[in-house]
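Containing TSV, C-alpha atoms and all ligand atoms: final_20.tsv.
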chain	number	residue	atom	x	y	z
A	1	MET	CA	-63.07	28.35	-54.33
A	2	LEU	CA	-66.80	28.78	-54.95
A	3	PRO	CA	-67.60	31.70	-57.29
A	4	SER	CA	-68.71	34.72	-55.25
A	5	LYS	CA	-72.18	34.77	-56.81
A	6	THR	CA	-72.85	31.15	-55.79
A	7	GLY	CA	-76.30	30.82	-54.22
A	8	LYS	CA	-77.54	28.18	-51.81
A	9	LEU	CA	-75.27	25.20	-51.26
A	10	PHE	CA	-76.57	21.66	-51.02
A	11	VAL	CA	-74.44	19.19	-49.12
A	12	ILE	CA	-75.40	15.72	-50.34
A	13	THR	CA	-74.22	13.03	-47.96
A	14	GLU	CA	-75.06	9.77	-46.21
A	15	PRO	CA	-76.48	9.91	-42.66
A	16	SER	CA	-73.63	7.77	-41.27
A	17	VAL	CA	-70.90	9.91	-42.88
A	18	TRP	CA	-72.59	13.11	-41.70
A	19	HIS	CA	-72.84	11.72	-38.18
A	20	LEU	CA	-69.09	10.97	-38.17
A	21	HIS	CA	-67.71	14.02	-39.95
A	22	GLY	CA	-70.52	16.54	-40.54
A	23	SER	CA	-69.22	18.90	-37.86
A	24	ALA	CA	-66.03	19.47	-39.89
A	25	VAL	CA	-68.14	20.52	-42.91
A	26	GLN	CA	-70.33	22.73	-40.74
A	27	ARG	CA	-67.25	24.45	-39.35
A	28	SER	CA	-65.76	25.11	-42.76
A	29	LEU	CA	-69.03	26.41	-44.21
A	30	GLY	CA	-69.35	28.89	-41.35
A	31	SER	CA	-72.12	31.38	-42.02
A	32	ARG	CA	-72.78	30.33	-45.64
A	33	GLU	CA	-76.33	29.38	-46.53
A	34	TYR	CA	-76.56	25.63	-47.02
A	35	GLU	CA	-78.89	22.67	-46.72
A	36	VAL	CA	-77.94	19.07	-45.95
A	37	LEU	CA	-79.66	16.44	-48.09
A	38	PHE	CA	-79.39	12.82	-47.07
A	39	PHE	CA	-78.98	9.96	-49.49
A	40	ARG	CA	-79.33	6.40	-48.11
A	41	GLY	CA	-76.16	5.14	-49.78
A	42	GLY	CA	-75.39	1.70	-51.19
A	43	GLU	CA	-75.32	0.45	-54.80
A	44	VAL	CA	-79.05	-0.41	-54.63
A	45	ASN	CA	-79.84	3.27	-54.08
A	46	LYS	CA	-77.41	4.53	-56.73
A	47	ARG	CA	-80.35	4.88	-59.11
A	48	LEU	CA	-82.15	7.56	-61.12
A	49	ALA	CA	-84.94	7.57	-58.51
A	50	SER	CA	-82.49	8.94	-55.93
A	51	VAL	CA	-81.36	11.69	-58.32
A	52	GLU	CA	-84.99	12.69	-58.88
A	53	GLU	CA	-85.68	12.67	-55.14
A	54	LEU	CA	-82.62	14.84	-54.43
A	55	ALA	CA	-83.50	17.27	-57.24
A	56	GLU	CA	-87.09	17.59	-55.95
A	57	GLN	CA	-85.76	18.37	-52.48
A	58	MET	CA	-83.37	20.93	-53.92
A	59	VAL	CA	-86.22	22.74	-55.67
A	60	CYS	CA	-88.38	22.64	-52.52
A	61	ARG	CA	-85.53	24.10	-50.48
A	62	GLY	CA	-84.73	27.00	-52.77
A	63	GLY	CA	-82.31	25.48	-55.26
A	64	GLU	CA	-81.75	27.48	-58.44
A	65	ARG	CA	-79.25	27.96	-61.29
A	66	SER	CA	-76.78	29.69	-58.99
A	67	SER	CA	-76.79	26.82	-56.46
A	68	ALA	CA	-73.92	24.39	-56.04
A	69	VAL	CA	-73.61	20.86	-54.67
A	70	ILE	CA	-71.06	19.59	-52.19
A	71	ALA	CA	-70.73	15.82	-52.54
A	72	PHE	CA	-69.61	14.59	-49.12
A	73	GLY	CA	-69.19	10.83	-48.92
A	74	GLY	CA	-67.75	7.75	-50.55
A	75	GLY	CA	-67.71	7.00	-54.28
A	76	ILE	CA	-71.43	6.29	-54.36
A	77	VAL	CA	-72.26	9.73	-52.96
A	78	ASN	CA	-69.70	11.31	-55.29
A	79	ASP	CA	-71.33	9.62	-58.31
A	80	VAL	CA	-74.95	10.32	-57.33
A	81	ALA	CA	-74.40	13.87	-56.08
A	82	GLY	CA	-72.15	14.64	-59.05
A	83	PHE	CA	-74.81	13.40	-61.48
A	84	THR	CA	-77.52	15.34	-59.65
A	85	ALA	CA	-75.40	18.48	-60.05
A	86	ALA	CA	-74.78	17.63	-63.72
A	87	VAL	CA	-78.48	17.55	-64.55
A	88	PHE	CA	-80.08	19.92	-62.01
A	89	MET	CA	-81.31	22.94	-64.00
A	90	ARG	CA	-79.11	21.62	-66.84
A	91	GLY	CA	-76.02	21.67	-64.68
A	92	ILE	CA	-74.74	23.41	-61.56
A	93	PRO	CA	-71.24	23.23	-60.07
A	94	VAL	CA	-70.17	20.42	-57.77
A	95	LEU	CA	-67.42	20.34	-55.18
A	96	GLN	CA	-66.27	16.81	-54.48
A	97	VAL	CA	-65.26	16.01	-50.89
A	98	PRO	CA	-64.53	12.26	-50.92
A	99	THR	CA	-64.52	10.44	-47.58
A	100	THR	CA	-63.33	6.93	-48.53
A	101	LEU	CA	-59.89	6.10	-49.83
A	102	LEU	CA	-61.37	4.67	-53.01
A	103	ALA	CA	-63.22	7.90	-53.65
A	104	GLN	CA	-60.20	10.07	-52.79
A	105	VAL	CA	-57.90	8.30	-55.23
A	106	ASP	CA	-60.42	7.42	-57.91
A	107	ALA	CA	-64.16	8.09	-57.88
A	108	ALA	CA	-64.03	11.81	-57.11
A	109	ILE	CA	-61.33	12.56	-59.69
A	110	GLY	CA	-61.97	12.81	-63.38
A	111	GLY	CA	-65.52	14.09	-63.68
A	112	LYS	CA	-67.37	10.82	-64.28
A	113	THR	CA	-70.74	10.76	-62.54
A	114	GLY	CA	-73.66	8.41	-62.85
A	115	VAL	CA	-76.07	5.83	-61.54
A	116	ASN	CA	-76.89	2.16	-62.06
A	117	LEU	CA	-79.67	0.63	-64.13
A	118	ALA	CA	-81.21	-2.78	-63.43
A	119	ALA	CA	-79.25	-3.85	-66.52
A	120	GLY	CA	-75.88	-2.90	-65.04
A	121	LYS	CA	-73.66	-0.52	-63.13
A	122	ASN	CA	-73.05	3.10	-64.11
A	123	LEU	CA	-75.04	2.78	-67.33
A	124	VAL	CA	-76.52	6.28	-67.08
A	125	GLY	CA	-74.30	9.22	-66.35
A	126	SER	CA	-72.45	12.25	-67.48
A	127	PHE	CA	-69.03	13.84	-67.49
A	128	HIS	CA	-69.23	16.73	-65.04
A	129	GLN	CA	-65.90	18.08	-63.84
A	130	PRO	CA	-65.96	19.27	-60.23
A	131	LEU	CA	-64.98	22.82	-59.32
A	132	ALA	CA	-62.46	21.22	-56.99
A	133	VAL	CA	-61.79	17.97	-55.15
A	134	LEU	CA	-60.97	18.49	-51.47
A	135	ILE	CA	-59.10	15.56	-49.95
A	136	ASP	CA	-58.62	15.27	-46.20
A	137	PRO	CA	-56.84	12.01	-45.28
A	138	ASP	CA	-57.98	12.49	-41.65
A	139	LEU	CA	-61.50	11.55	-42.75
A	140	LEU	CA	-60.16	8.02	-43.32
A	141	SER	CA	-59.57	7.49	-39.58
A	142	THR	CA	-63.09	6.08	-39.22
A	143	LEU	CA	-62.96	3.87	-42.33
A	144	SER	CA	-63.02	0.10	-41.73
A	145	ASP	CA	-59.87	-1.88	-42.53
A	146	ARG	CA	-61.74	-3.68	-45.30
A	147	GLU	CA	-62.79	-0.41	-46.97
A	148	LEU	CA	-59.25	0.93	-46.60
A	149	ARG	CA	-57.80	-2.15	-48.32
A	150	ALA	CA	-60.39	-1.84	-51.10
A	151	GLY	CA	-59.08	1.66	-51.79
A	152	LEU	CA	-55.48	0.51	-51.61
A	153	TYR	CA	-56.07	-1.94	-54.46
A	154	GLU	CA	-56.92	1.07	-56.63
A	155	VAL	CA	-53.67	2.71	-55.49
A	156	ILE	CA	-51.78	-0.44	-56.56
A	157	LYS	CA	-53.57	-0.16	-59.90
A	158	ALA	CA	-52.25	3.37	-60.35
A	159	GLY	CA	-48.69	2.21	-59.72
A	160	VAL	CA	-48.92	-0.79	-62.05
A	161	ILE	CA	-50.33	1.19	-64.97
A	162	ARG	CA	-48.14	4.26	-64.81
A	163	ASP	CA	-45.67	4.66	-61.99
A	164	ALA	CA	-43.08	2.02	-61.11
A	165	ASP	CA	-41.79	4.18	-58.21
A	166	LEU	CA	-45.21	4.28	-56.59
A	167	PHE	CA	-45.53	0.55	-57.15
A	168	GLN	CA	-42.19	-0.15	-55.42
A	169	PHE	CA	-43.17	2.16	-52.57
A	170	LEU	CA	-46.41	0.22	-52.09
A	171	ALA	CA	-44.64	-3.11	-52.36
A	172	HIS	CA	-42.11	-2.17	-49.68
A	173	HIS	CA	-44.30	-0.21	-47.25
A	174	SER	CA	-47.47	-2.27	-46.92
A	175	THR	CA	-47.09	-2.52	-43.14
A	176	GLU	CA	-46.94	1.27	-42.61
A	177	ILE	CA	-49.70	1.94	-45.11
A	178	LEU	CA	-52.03	-0.68	-43.62
A	179	ALA	CA	-51.28	0.79	-40.18
A	180	ARG	CA	-52.43	4.17	-41.62
A	181	ASP	CA	-49.10	5.90	-41.07
A	182	PRO	CA	-50.01	9.47	-42.15
A	183	ALA	CA	-46.88	10.12	-44.24
A	184	ALA	CA	-47.15	6.80	-46.07
A	185	LEU	CA	-50.86	7.23	-46.70
A	186	ASP	CA	-50.33	10.82	-47.88
A	187	ARG	CA	-47.81	9.69	-50.47
A	188	ALA	CA	-50.08	6.86	-51.66
A	189	ILE	CA	-53.02	9.25	-52.03
A	190	SER	CA	-51.18	12.13	-53.66
A	191	ASP	CA	-49.37	9.93	-56.19
A	192	SER	CA	-52.60	8.18	-57.15
A	193	VAL	CA	-54.45	11.47	-57.54
A	194	ARG	CA	-51.63	12.85	-59.69
A	195	ILE	CA	-51.68	9.78	-61.93
A	196	LYS	CA	-55.44	9.80	-62.37
A	197	ALA	CA	-55.45	13.57	-62.98
A	198	GLU	CA	-52.65	13.27	-65.57
A	199	VAL	CA	-54.45	10.54	-67.48
A	200	VAL	CA	-57.84	12.20	-67.32
A	201	SER	CA	-56.62	15.63	-68.32
A	202	ALA	CA	-54.82	14.16	-71.31
A	203	ASP	CA	-57.95	12.23	-72.27
A	204	GLU	CA	-61.09	13.53	-70.60
A	205	LYS	CA	-63.69	11.51	-72.49
A	206	GLU	CA	-62.23	8.02	-72.31
A	207	GLY	CA	-60.30	7.51	-75.50
A	208	ASP	CA	-57.35	5.16	-75.60
A	209	LEU	CA	-55.26	6.67	-72.81
A	210	ARG	CA	-58.04	6.83	-70.22
A	211	ARG	CA	-58.75	3.18	-70.88
A	212	ILE	CA	-55.60	2.24	-68.94
A	213	LEU	CA	-57.47	3.25	-65.78
A	214	ASN	CA	-59.68	0.22	-66.42
A	215	PHE	CA	-56.84	-2.15	-65.56
A	216	GLY	CA	-58.48	-4.83	-63.40
A	217	HIS	CA	-61.94	-3.41	-64.06
A	218	THR	CA	-62.97	-5.56	-67.03
A	219	PHE	CA	-62.68	-8.78	-65.02
A	220	GLY	CA	-63.66	-6.94	-61.83
A	221	HIS	CA	-66.97	-5.68	-63.21
A	222	ALA	CA	-67.76	-9.18	-64.45
A	223	LEU	CA	-67.13	-10.55	-60.94
A	224	GLU	CA	-69.30	-7.85	-59.36
A	225	ALA	CA	-72.15	-8.54	-61.80
A	226	GLU	CA	-71.86	-12.32	-61.39
A	227	THR	CA	-72.16	-11.95	-57.60
A	228	ALA	CA	-75.00	-9.41	-57.82
A	229	TYR	CA	-72.83	-6.61	-56.35
A	230	ALA	CA	-73.35	-8.16	-52.92
A	231	ARG	CA	-70.24	-10.17	-52.16
A	232	PHE	CA	-67.26	-7.96	-52.97
A	233	LEU	CA	-66.42	-4.31	-52.52
A	234	HIS	CA	-65.58	-2.56	-55.78
A	235	GLY	CA	-61.87	-2.37	-54.90
A	236	GLU	CA	-61.83	-6.07	-54.03
A	237	ALA	CA	-63.34	-6.91	-57.41
A	238	VAL	CA	-60.62	-4.76	-59.00
A	239	ALA	CA	-57.99	-6.74	-57.07
A	240	PHE	CA	-59.42	-9.96	-58.52
A	241	GLY	CA	-59.48	-8.31	-61.94
A	242	MET	CA	-55.83	-7.26	-61.69
A	243	ILE	CA	-54.85	-10.81	-60.72
A	244	ALA	CA	-56.73	-12.19	-63.74
A	245	ALA	CA	-55.20	-9.54	-66.02
A	246	VAL	CA	-51.69	-10.37	-64.81
A	247	HIS	CA	-52.26	-14.07	-65.53
A	248	LEU	CA	-53.65	-13.22	-68.96
A	249	ALA	CA	-50.64	-11.01	-69.70
A	250	LEU	CA	-48.33	-13.86	-68.65
A	251	LEU	CA	-50.18	-16.39	-70.82
A	252	GLU	CA	-50.08	-13.99	-73.78
A	253	GLY	CA	-46.33	-13.58	-73.33
A	254	LEU	CA	-46.68	-9.83	-72.77
A	255	LEU	CA	-45.29	-9.70	-69.24
A	256	ALA	CA	-42.09	-11.11	-67.76
A	257	GLU	CA	-42.58	-13.74	-65.08
A	258	GLY	CA	-40.67	-11.67	-62.47
A	259	ASP	CA	-42.83	-8.55	-62.97
A	260	GLY	CA	-45.97	-10.67	-62.84
A	261	ARG	CA	-44.85	-12.25	-59.57
A	262	GLN	CA	-44.11	-8.82	-58.05
A	263	ILE	CA	-47.56	-7.50	-58.92
A	264	LEU	CA	-49.29	-10.60	-57.53
A	265	ASP	CA	-47.20	-10.45	-54.33
A	266	CYS	CA	-47.96	-6.76	-53.85
A	267	ILE	CA	-51.72	-7.34	-54.18
A	268	ALA	CA	-51.45	-10.23	-51.70
A	269	ALA	CA	-49.51	-8.04	-49.24
A	270	TYR	CA	-52.59	-5.85	-48.89
A	271	GLY	CA	-54.70	-8.76	-47.71
A	272	ARG	CA	-56.84	-11.43	-49.24
A	273	ILE	CA	-60.17	-10.60	-50.80
A	274	PRO	CA	-63.24	-12.57	-49.56
A	275	SER	CA	-63.62	-16.18	-50.71
A	276	LEU	CA	-64.15	-16.72	-54.42
A	277	ALA	CA	-65.51	-20.24	-53.82
A	278	GLY	CA	-68.34	-21.38	-56.05
A	279	ILE	CA	-67.77	-18.79	-58.80
A	280	ASP	CA	-67.69	-20.27	-62.29
A	281	ALA	CA	-64.91	-19.11	-64.63
A	282	ARG	CA	-67.13	-19.57	-67.69
A	283	ALA	CA	-69.84	-17.37	-66.20
A	284	ILE	CA	-67.27	-14.60	-65.61
A	285	ALA	CA	-65.98	-14.98	-69.18
A	286	GLN	CA	-69.53	-14.69	-70.48
A	287	ARG	CA	-70.09	-11.51	-68.45
A	288	LEU	CA	-67.03	-9.87	-70.04
A	289	VAL	CA	-68.85	-9.61	-73.33
A	290	SER	CA	-71.68	-7.53	-71.86
A	291	ASP	CA	-69.34	-5.01	-70.21
A	292	LYS	CA	-70.19	-1.46	-71.38
A	293	LYS	CA	-66.54	-0.91	-72.29
A	294	THR	CA	-66.86	-3.59	-74.96
A	295	VAL	CA	-66.23	-1.97	-78.35
A	296	HIS	CA	-68.21	-3.43	-81.30
A	297	GLY	CA	-68.61	-6.69	-79.39
A	298	ARG	CA	-64.84	-7.07	-78.78
A	299	VAL	CA	-63.55	-7.08	-75.25
A	300	HIS	CA	-60.57	-4.78	-74.80
A	301	PHE	CA	-58.18	-5.90	-72.08
A	302	VAL	CA	-55.78	-3.59	-70.28
A	303	LEU	CA	-52.73	-5.75	-69.65
A	304	PRO	CA	-49.45	-4.84	-67.97
A	305	ASN	CA	-46.38	-5.31	-70.17
A	306	ARG	CA	-44.04	-4.23	-67.36
A	307	ILE	CA	-44.50	-2.55	-64.00
A	308	GLY	CA	-45.59	1.02	-64.74
A	309	SER	CA	-46.79	0.33	-68.28
A	310	THR	CA	-49.77	-1.33	-69.96
A	311	VAL	CA	-51.11	-2.20	-73.37
A	312	VAL	CA	-54.75	-2.23	-74.45
A	313	THR	CA	-55.59	-5.15	-76.68
A	314	ALA	CA	-58.58	-7.10	-77.96
A	315	ASP	CA	-56.29	-9.56	-79.66
A	316	VAL	CA	-56.06	-12.32	-77.06
A	317	ASP	CA	-56.67	-16.05	-77.11
A	318	GLY	CA	-60.12	-16.93	-75.65
A	319	ALA	CA	-58.68	-20.05	-74.03
A	320	HIS	CA	-56.11	-17.88	-72.26
A	321	VAL	CA	-58.88	-15.61	-70.95
A	322	LEU	CA	-60.68	-18.60	-69.45
A	323	ARG	CA	-57.47	-19.97	-67.94
A	324	ALA	CA	-56.53	-16.59	-66.47
A	325	ILE	CA	-59.95	-16.30	-64.82
A	326	GLY	CA	-59.69	-19.87	-63.52
A	327	THR	CA	-56.25	-19.20	-62.04
A	328	ALA	CA	-57.41	-15.95	-60.44
A	329	LEU	CA	-60.44	-17.72	-58.95
A	330	GLY	CA	-58.13	-20.30	-57.42
A	331	ALA	CA	-55.48	-17.78	-56.38
A	401	LIG	P1	-69.27	3.80	-50.77
A	401	LIG	O1	-69.54	5.15	-51.25
A	401	LIG	O2	-70.42	2.87	-50.62
A	401	LIG	O3	-68.55	3.90	-49.35
A	401	LIG	C1	-68.21	2.69	-48.69
A	401	LIG	C2	-68.73	2.68	-47.26
A	401	LIG	O4	-67.93	3.53	-46.47
A	401	LIG	C3	-70.16	3.13	-47.08
A	401	LIG	O5	-70.80	2.23	-46.20
A	401	LIG	C4	-70.03	4.51	-46.45
A	401	LIG	O6	-71.10	4.79	-45.60
A	401	LIG	C5	-68.76	4.35	-45.66
A	401	LIG	N1	-67.99	5.58	-45.42
A	401	LIG	C6	-67.76	6.60	-46.28
A	401	LIG	N2	-66.90	7.47	-45.74
A	401	LIG	C7	-66.56	6.99	-44.53
A	401	LIG	C8	-65.69	7.43	-43.49
A	401	LIG	N3	-64.94	8.52	-43.62
A	401	LIG	N4	-65.63	6.68	-42.34
A	401	LIG	C9	-66.35	5.54	-42.21
A	401	LIG	N5	-67.17	5.08	-43.16
A	401	LIG	C10	-67.27	5.79	-44.31
A	401	LIG	O7	-68.18	3.06	-51.67
A	401	LIG	P2	-66.77	3.53	-52.29
A	401	LIG	O8	-65.95	2.32	-52.27
A	401	LIG	O9	-66.29	4.77	-51.70
A	401	LIG	O10	-67.18	3.86	-53.82
A	401	LIG	C11	-67.66	2.88	-54.68
A	401	LIG	C12	-68.44	3.54	-55.79
A	401	LIG	O11	-67.59	4.43	-56.50
A	401	LIG	C13	-68.99	2.55	-56.80
A	401	LIG	O12	-70.34	2.82	-57.03
A	401	LIG	C14	-68.18	2.82	-58.06
A	401	LIG	O13	-68.92	2.57	-59.24
A	401	LIG	C15	-67.85	4.28	-57.89
A	401	LIG	N6	-66.65	4.69	-58.64
A	401	LIG	C16	-66.77	5.73	-59.47
A	401	LIG	C17	-65.67	6.17	-60.20
A	401	LIG	C18	-65.77	7.36	-61.10
A	401	LIG	O14	-64.82	7.66	-61.83
A	401	LIG	N7	-66.86	8.08	-61.06
A	401	LIG	C19	-64.43	5.51	-60.06
A	401	LIG	C20	-64.36	4.44	-59.18
A	401	LIG	C21	-65.48	4.03	-58.47

Let me see whether you can do it: turn the structure in this file into structure tokens.
Amino acid sequence: MLPSKTGKLFVITEPSVWHLHGSAVQRSLGSREYEVLFFRGGEVNKRLASVEELAEQMVCRGGERSSAVIAFGGGIVNDVAGFTAAVFMRGIPVLQVPTTLLAQVDAAIGGKTGVNLAAGKNLVGSFHQPLAVLIDPDLLSTLSDRELRAGLYEVIKAGVIRDADLFQFLAHHSTEILARDPAALDRAISDSVRIKAEVVSADEKEGDLRRILNFGHTFGHALEAETAYARFLHGEAVAFGMIAAVHLALLEGLLAEGDGRQILDCIAAYGRIPSLAGIDARAIAQRLVSDKKTVHGRVHFVLPNRIGSTVVTADVDGAHVLRAIGTALGA
């Protein structure tokens, strides 16, 4: 998988992930020359300073143009290690080995890497396609139920935007999936990866098609920003965002009531997200405008028009947006 002339490998990981699963990586690397670099993890550390620190360590430990990075961790490690690889010596290869469900079905696929600025999430980054993405569902055995559910919301997203069969599978097998039945989880992961890969390969640099992957993210990012990235996991914010988007699609007359109900029920079947008490709908609406996906000051919403299909539109009624947020906050 790695080109034969690849030099020293740098495994970038979090201490806790390495403690749990590092031995599996060590076994598969065998006698290859590699160094393990630790990154503290967490959104607060997903910053340029960490990239600089990792790059300095790579130079000190013999990193050069022929080196490669193995990103071994959740989405935060995938983003930071991927970005480090993208800029180290103007770019070296990266192998993504995601260890959370969210990273396996989303963050590690598609080549987006980056870090946060004080001004907002993922505002500095680069497209840097990995050499390969290695997904081992066994790594998820140690993931908390809450983190698993956060990833499953992204799987629901994949079904809603592009695959009615996957959606129906998720709607009817929540018990097995939440119980981590290997066959059910395998199907959920492989279908989501296929969908993301199809969309991204048709539209690598986020034109119109890739935008459908942002279903739930416009409202979700606003919720994360409004709560200082401290109250909700990313997947939970996406679940809130999908609920708001479904209500907006219903208010706009784009989605049939029955389809809307099915999507809301499916999200609910995967568990409630933490309390939304005290969050102001107007503040969320205000945050939408500063989302980096805003085009010329107009917010583009990804709205389902039936299960398995979406439309992208900026042409919505502002009062409907506020009502949809209010309903989702009270949902
Ligand atoms: P994360 O990387 O913080 O991981 C969540 C938690 O799980 C961490 O505490 C981590 O230590 C722990 N963990 C990781 N693997 C584990 C395992 N196997 N067992 C037990 N614990 C484990 O968060 P995440 O949800 O994986 O990723 C979120 C990040 O991904 C966000 O920063 C988001 O912006 C980014 N993201 C990027 C893209 C993209 O296209 N680049 C897409 C979606 C999300």

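Our summary of the geometry notes that atom CA of Gly110 of chain A is positioned 28.9 Å from atom CA of Pro274 of chain A.
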
### Message
Can you work out which residues are within 7 Å of ligand LIG 401 (chain A), considering only C-alpha atoms and all ligand atoms, and then hand them over as a ChimeraX atom specification?
### Response
/A:14,16-17,20,41-43,73-77,79,99-103,106-113,121-122,139-144,147,151,233-235

### Query
Which residues come within 12 Å of segment 303-305 of chain A, counting only C-alpha atoms, excluding same-chain residues fewer than 6 positions away, as a PyMOL selection string?
chain A and resi 157-164+211-219+241-260+262-264+311-316+321+324

Preceding selection exported with C-alpha atoms as a PDB file, in the coordinates of the input:
ATOM      1  CA  LYS A 157     -53.570  -0.160 -59.900  1.00  0.00           C
ATOM      2  CA  ALA A 158     -52.250   3.370 -60.350  1.00  0.00           C
ATOM      3  CA  GLY A 159     -48.690   2.210 -59.720  1.00  0.00           C
ATOM      4  CA  VAL A 160     -48.920  -0.790 -62.050  1.00  0.00           C
ATOM      5  CA  ILE A 161     -50.330   1.190 -64.970  1.00  0.00           C
ATOM      6  CA  ARG A 162     -48.140   4.260 -64.810  1.00  0.00           C
ATOM      7  CA  ASP A 163     -45.670   4.660 -61.990  1.00  0.00           C
ATOM      8  CA  ALA A 164     -43.080   2.020 -61.110  1.00  0.00           C
ATOM      9  CA  ARG A 211     -58.750   3.180 -70.880  1.00  0.00           C
ATOM     10  CA  ILE A 212     -55.600   2.240 -68.940  1.00  0.00           C
ATOM     11  CA  LEU A 213     -57.470   3.250 -65.780  1.00  0.00           C
ATOM     12  CA  ASN A 214     -59.680   0.220 -66.420  1.00  0.00           C
ATOM     13  CA  PHE A 215     -56.840  -2.150 -65.560  1.00  0.00           C
ATOM     14  CA  GLY A 216     -58.480  -4.830 -63.400  1.00  0.00           C
ATOM     15  CA  HIS A 217     -61.940  -3.410 -64.060  1.00  0.00           C
ATOM     16  CA  THR A 218     -62.970  -5.560 -67.030  1.00  0.00           C
ATOM     17  CA  PHE A 219     -62.680  -8.780 -65.020  1.00  0.00           C
ATOM     18  CA  GLY A 241     -59.480  -8.310 -61.940  1.00  0.00           C
ATOM     19  CA  MET A 242     -55.830  -7.260 -61.690  1.00  0.00           C
ATOM     20  CA  ILE A 243     -54.850 -10.810 -60.720  1.00  0.00           C
ATOM     21  CA  ALA A 244     -56.730 -12.190 -63.740  1.00  0.00           C
ATOM     22  CA  ALA A 245     -55.200  -9.540 -66.020  1.00  0.00           C
ATOM     23  CA  VAL A 246     -51.690 -10.370 -64.810  1.00  0.00           C
ATOM     24  CA  HIS A 247     -52.260 -14.070 -65.530  1.00  0.00           C
ATOM     25  CA  LEU A 248     -53.650 -13.220 -68.960  1.00  0.00           C
ATOM     26  CA  ALA A 249     -50.640 -11.010 -69.700  1.00  0.00           C
ATOM     27  CA  LEU A 250     -48.330 -13.860 -68.650  1.00  0.00           C
ATOM     28  CA  LEU A 251     -50.180 -16.390 -70.820  1.00  0.00           C
ATOM     29  CA  GLU A 252     -50.080 -13.990 -73.780  1.00  0.00           C
ATOM     30  CA  GLY A 253     -46.330 -13.580 -73.330  1.00  0.00           C
ATOM     31  CA  LEU A 254     -46.680  -9.830 -72.770  1.00  0.00           C
ATOM     32  CA  LEU A 255     -45.290  -9.700 -69.240  1.00  0.00           C
ATOM     33  CA  ALA A 256     -42.090 -11.110 -67.760  1.00  0.00           C
ATOM     34  CA  GLU A 257     -42.580 -13.740 -65.080  1.00  0.00           C
ATOM     35  CA  GLY A 258     -40.670 -11.670 -62.470  1.00  0.00           C
ATOM     36  CA  ASP A 259     -42.830  -8.550 -62.970  1.00  0.00           C
ATOM     37  CA  GLY A 260     -45.970 -10.670 -62.840  1.00  0.00           C
ATOM     38  CA  GLN A 262     -44.110  -8.820 -58.050  1.00  0.00           C
ATOM     39  CA  ILE A 263     -47.560  -7.500 -58.920  1.00  0.00           C
ATOM     40  CA  LEU A 264     -49.290 -10.600 -57.530  1.00  0.00           C
ATOM     41  CA  VAL A 311     -51.110  -2.200 -73.370  1.00  0.00           C
ATOM     42  CA  VAL A 312     -54.750  -2.230 -74.450  1.00  0.00           C
ATOM     43  CA  THR A 313     -55.590  -5.150 -76.680  1.00  0.00           C
ATOM     44  CA  ALA A 314     -58.580  -7.100 -77.960  1.00  0.00           C
ATOM     45  CA  ASP A 315     -56.290  -9.560 -79.660  1.00  0.00           C
ATOM     46  CA  VAL A 316     -56.060 -12.320 -77.060  1.00  0.00           C
ATOM     47  CA  VAL A 321     -58.880 -15.610 -70.950  1.00  0.00           C
ATOM     48  CA  ALA A 324     -56.530 -16.590 -66.470  1.00  0.00           C
TER      49      ALA A 324
END

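Residues lying within 12 Å of Glu226 of chain A, counting all atoms listed in the file and ignoring same-chain neighbours fewer than 5 positions away, are Gly120, Phe219, Gly220, His221, Arg231, Phe232, Ala237, Leu276, Gly278, Ile279, Asp280, Ala281, Arg282, Ala283, Ile284, Ala285, Gln286, Arg287, Leu288, Ser290 and Asp291 of chain A.
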
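Across the model, the gap from atom CA of Phe88 of chain A to atom CA of Phe72 of chain A is 17.4 Å.
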
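Picture a line from atom CA of Ile177 of chain A to atom CA of Ala150 of chain A; it runs 12.8 Å.
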
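Restricting the calculation to all atoms listed in the file, the smallest distance between Phe39 of chain A and any of A:Ser126, A:Thr13, A:Ser275, A:Thr327 is found for A:Thr13.
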
### Message
Neighbouring residues of segment 117-119 of chain A were defined as those with any atom within 8 Å, considering only C-alpha atoms; residues of the same chain fewer than 3 positions away were excluded. Please report them as a PyMOL selection string.
### Response
chain A and resi 47-48+122-124

## Note on the structure
Shortest contact to Val105 of chain A, candidates A:Val302, A:Ile273, A:Leu209, A:Val193, atoms counted all atoms listed in the file, goes to A:Val193

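For the choices A:Ser28, A:Asn116, A:Gln129, A:Ser67, the atom-to-atom distance to Gly82 of chain A is smallest for A:Gln129 when using only C-alpha atoms.
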